[in-house]
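For reference, target.csv is printed below; it contains CSV, C-alpha atoms.
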chain,number,residue,atom,x,y,z
Q,270,MET,CA,76.5,-17.2,-81.0
Q,271,THR,CA,77.4,-20.7,-81.8
Q,272,ARG,CA,78.4,-23.3,-79.3
Q,273,SER,CA,82.0,-23.2,-80.2
Q,274,GLY,CA,82.1,-19.4,-80.1
Q,275,PHE,CA,80.5,-19.5,-76.6
Q,276,ALA,CA,83.0,-22.1,-75.5
Q,277,PHE,CA,85.9,-20.0,-76.8
Q,278,ALA,CA,84.6,-16.9,-75.1
Q,279,LEU,CA,84.1,-18.8,-71.8
Q,280,LEU,CA,87.6,-20.2,-72.1
Q,281,PHE,CA,89.1,-16.7,-72.9
Q,282,PHE,CA,87.5,-15.1,-69.8
Q,283,CYS,CA,88.6,-18.0,-67.5
Q,284,VAL,CA,92.2,-17.7,-68.7
Q,285,ALA,CA,92.1,-13.9,-68.4
Q,286,GLY,CA,90.8,-14.2,-64.8
Q,287,ILE,CA,93.4,-16.8,-63.9
Q,288,ALA,CA,96.1,-14.5,-65.4
Q,289,ARG,CA,94.9,-11.5,-63.5
Q,290,ALA,CA,94.7,-13.5,-60.2
Q,291,ALA,CA,98.2,-14.9,-60.8
Q,292,SER,CA,99.6,-11.4,-61.5
Q,293,THR,CA,98.7,-10.2,-57.9
Q,294,VAL,CA,100.8,-13.0,-56.3
Q,295,GLU,CA,104.2,-11.7,-55.4
Q,296,VAL,CA,107.1,-13.9,-54.5
Q,297,HIS,CA,109.8,-12.4,-52.4
Q,298,GLN,CA,112.8,-14.5,-51.3
Q,299,PHE,CA,114.0,-14.2,-47.7
Q,300,ASP,CA,117.1,-15.7,-46.4
Q,301,ASP,CA,116.1,-15.0,-42.8
Q,302,PRO,CA,112.8,-16.1,-41.4
Q,303,ALA,CA,112.8,-13.2,-38.9
Q,304,LEU,CA,113.1,-10.8,-41.8
Q,305,GLU,CA,110.2,-12.5,-43.6
Q,306,ALA,CA,108.1,-12.2,-40.4
Q,307,ARG,CA,108.9,-8.5,-40.2
Q,308,TYR,CA,107.9,-8.0,-43.9
Q,309,TYR,CA,104.5,-9.8,-43.4
Q,310,GLY,CA,104.0,-7.9,-40.2
Q,311,LEU,CA,104.6,-4.6,-41.8
Q,312,ILE,CA,102.3,-5.2,-44.9
Q,313,ASP,CA,99.6,-6.4,-42.5
Q,314,GLU,CA,99.7,-3.3,-40.4
Q,315,LEU,CA,100.1,-0.7,-43.1
Q,316,ARG,CA,97.0,0.6,-45.0
Q,317,CYS,CA,96.7,0.9,-48.8
Q,318,PRO,CA,96.5,4.6,-49.7
Q,319,LYS,CA,93.9,3.9,-52.4
Q,320,CYS,CA,91.7,1.5,-50.5
Q,321,GLN,CA,89.7,2.7,-47.5
Q,322,ASN,CA,90.1,-0.2,-45.1
Q,323,THR,CA,92.4,-2.7,-46.7
Q,324,ASN,CA,96.0,-3.4,-45.6
Q,325,LEU,CA,98.8,-3.7,-48.1
Q,326,ALA,CA,98.7,-7.5,-47.8
Q,327,GLY,CA,95.1,-7.7,-48.8
Q,328,SER,CA,94.9,-5.0,-51.5
Q,329,ASP,CA,95.1,-5.7,-55.3
Q,330,ALA,CA,95.6,-2.0,-56.1
Q,331,PRO,CA,98.7,-1.2,-58.1
Q,332,ILE,CA,99.8,1.2,-55.4
Q,333,ALA,CA,99.7,-1.6,-52.8
Q,334,HIS,CA,101.8,-3.7,-55.1
Q,335,ASP,CA,104.4,-0.9,-55.4
Q,336,LEU,CA,104.4,-0.4,-51.7
Q,337,ARG,CA,104.8,-4.1,-50.9
Q,338,ASN,CA,107.9,-4.0,-53.2
Q,339,THR,CA,109.1,-0.8,-51.5
Q,340,VAL,CA,108.7,-2.4,-48.1
Q,341,TYR,CA,110.7,-5.4,-49.3
Q,342,ARG,CA,113.4,-3.3,-50.8
Q,343,LEU,CA,113.7,-1.1,-47.7
Q,344,LEU,CA,113.8,-4.1,-45.5
Q,345,VAL,CA,116.2,-6.4,-47.5
Q,346,GLU,CA,118.3,-4.0,-49.5
Q,347,LYS,CA,118.5,-1.0,-47.2
Q,348,GLY,CA,118.3,-2.8,-43.8
Q,349,MET,CA,115.9,-0.2,-42.4
Q,350,SER,CA,114.1,-0.8,-39.1
Q,351,ASP,CA,110.3,-1.2,-38.9
Q,352,ALA,CA,110.0,2.3,-37.4
Q,353,ASP,CA,112.1,3.8,-40.2
Q,354,ILE,CA,110.0,2.1,-42.8
Q,355,ARG,CA,106.8,3.3,-41.2
Q,356,GLN,CA,108.2,6.8,-41.1
Q,357,TYR,CA,109.3,6.6,-44.7
Q,358,LEU,CA,105.8,5.7,-45.8
Q,359,VAL,CA,104.2,8.4,-43.5
Q,360,ASP,CA,106.5,11.0,-45.0
Q,361,ARG,CA,105.2,10.2,-48.4
Q,362,TYR,CA,101.5,9.2,-47.8
Q,363,GLY,CA,100.7,10.8,-44.5
Q,364,ASP,CA,99.2,9.3,-41.4
Q,365,PHE,CA,96.5,7.6,-43.5
Q,366,VAL,CA,98.9,4.6,-44.1
Q,367,LEU,CA,98.9,3.8,-40.4
Q,368,TYR,CA,95.8,2.1,-39.0
Q,369,ASP,CA,96.6,3.6,-35.6
Q,370,PRO,CA,97.3,7.3,-36.2
Q,371,PRO,CA,99.6,9.1,-33.7
Q,372,PHE,CA,98.2,11.6,-31.3
Q,373,ARG,CA,99.1,15.0,-32.8
Q,374,PRO,CA,97.3,18.4,-33.0
Q,375,MET,CA,96.2,17.4,-36.5
Q,376,THR,CA,94.6,14.1,-35.4
Q,377,VAL,CA,93.0,15.4,-32.1
Q,378,VAL,CA,89.6,15.3,-33.8
Q,379,LEU,CA,90.1,11.7,-34.8
Q,380,TRP,CA,90.8,10.8,-31.2
Q,381,ALA,CA,88.3,13.1,-29.5
Q,382,LEU,CA,85.3,12.5,-31.8
Q,383,PRO,CA,84.1,9.2,-30.3
Q,384,ALA,CA,84.3,10.6,-26.8
Q,385,LEU,CA,82.4,13.8,-27.8
Q,386,ALA,CA,79.7,11.7,-29.6
Q,387,LEU,CA,79.2,9.7,-26.4
Q,388,ILE,CA,79.0,12.8,-24.2
Q,389,VAL,CA,76.5,14.5,-26.6
Q,390,GLY,CA,74.4,11.3,-26.9
Q,391,PHE,CA,74.3,11.0,-23.1
Q,392,MET,CA,73.3,14.6,-22.7
Q,393,LEU,CA,70.5,14.2,-25.3
Q,394,LEU,CA,69.1,11.1,-23.6
Q,395,ARG,CA,69.3,12.8,-20.2
Q,396,GLY,CA,67.5,15.9,-21.5
Q,397,ILE,CA,64.8,13.8,-23.1
Q,398,SER,CA,64.1,11.8,-19.9
Q,399,ARG,CA,64.0,15.0,-17.7
Q,400,ARG,CA,61.4,17.0,-19.5
Q,401,PRO,CA,59.6,19.3,-17.2
Q,402,GLU,CA,56.0,18.2,-16.5
Q,403,LEU,CA,53.2,20.6,-17.3
Q,404,ASP,CA,51.9,22.3,-14.1
Q,405,ALA,CA,48.2,21.8,-13.2
Q,406,LEU,CA,46.0,24.8,-14.0
Q,407,ASP,CA,45.1,27.1,-11.1
Q,408,ALA,CA,41.5,28.0,-10.3
Q,409,ASP,CA,41.5,31.2,-12.5
Q,410,GLU,CA,42.9,29.4,-15.5
Q,411,GLN,CA,40.4,26.6,-15.1
Q,412,ARG,CA,37.5,29.2,-15.1
Q,413,ARG,CA,38.9,30.8,-18.3
Q,414,LEU,CA,39.3,27.5,-20.0
Q,415,ALA,CA,35.8,26.5,-19.1
Q,416,ALA,CA,34.5,29.8,-20.4
Q,417,LEU,CA,36.4,29.3,-23.7
Q,418,ASP,CA,35.0,25.8,-23.9
Q,419,GLU,CA,31.4,27.1,-23.5
Q,420,GLU,CA,32.0,29.7,-26.2
Q,421,VAL,CA,33.2,27.1,-28.7
Q,422,ARG,CA,30.1,24.9,-28.1
Could you rewrite the structure in this file as structure tokens?
Amino acid sequence: MTRSGFAFALLFFCVAGIARAASTVEVHQFDDPALEARYYGLIDELRCPKCQNTNLAGSDAPIAHDLRNTVYRLLVEKGMSDADIRQYLVDRYGDFVLYDPPFRPMTVVLWALPALALIVGFMLLRGISRRPELDALDADEQRRLAALDEEVR
């Protein structure tokens, strides 16, 4: 590759990277600062359905982009409350979109698993530390052991 070809390729990838980075920036206009604070609070506390542990504000996934726009639309155009917006997203994506899942029969395992792990770990450590010691041999067993030892030699 020539020097000019390399420079062109480098320039192309830099411009493509800048264009991609610029495409993830969203500009939403808010007339009310309280509404803007609610928007940013919601996208900070809601999880991206595609990403494992990334909120909507920090995700570059297309679904996160769509959900940020949905939250904006529900907030500004529909005037929904924060609880209604959370419920709207839970109805469509399940409890996964919430970082703090509610306590329900379906989520009992999520809430109980840490406590069960601690209890089992404590029981295992307690069982290991309380192993029964071997009893000393009585006189008859000592005689038999000595006899076996003599046979082997």
**OP:** Counting all atoms listed in the file, figure out which residue out of Q:Leu315, Q:Ala326, Q:Leu367, Q:Leu344 gets nearest to Asp301 (chain Q).
**Re:** Q:Leu344
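Pairwise distance (CA of Lys347 (chain Q), CA of His334 (chain Q)) equals 18.7 Å.
When CA of Gln321 (chain Q) is paired with CA of His297 (chain Q), their separation reads 25.6 Å.
CA of Asp313 (chain Q) is found 16.5 Å from CA of Pro331 (chain Q).
Take the candidates Q:Asn322, Q:Met349, Q:Tyr357, Q:Val378 and check each one against Leu336 (chain Q) using all atoms listed in the file; the shortest distance goes to Q:Tyr357.
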Original post:
Counting all atoms listed in the file, which of Q:Val345, Q:Met375, Q:Ile332, Q:Ala381 gets nearest to Gly363 (chain Q)?
Top reply: Q:Met375
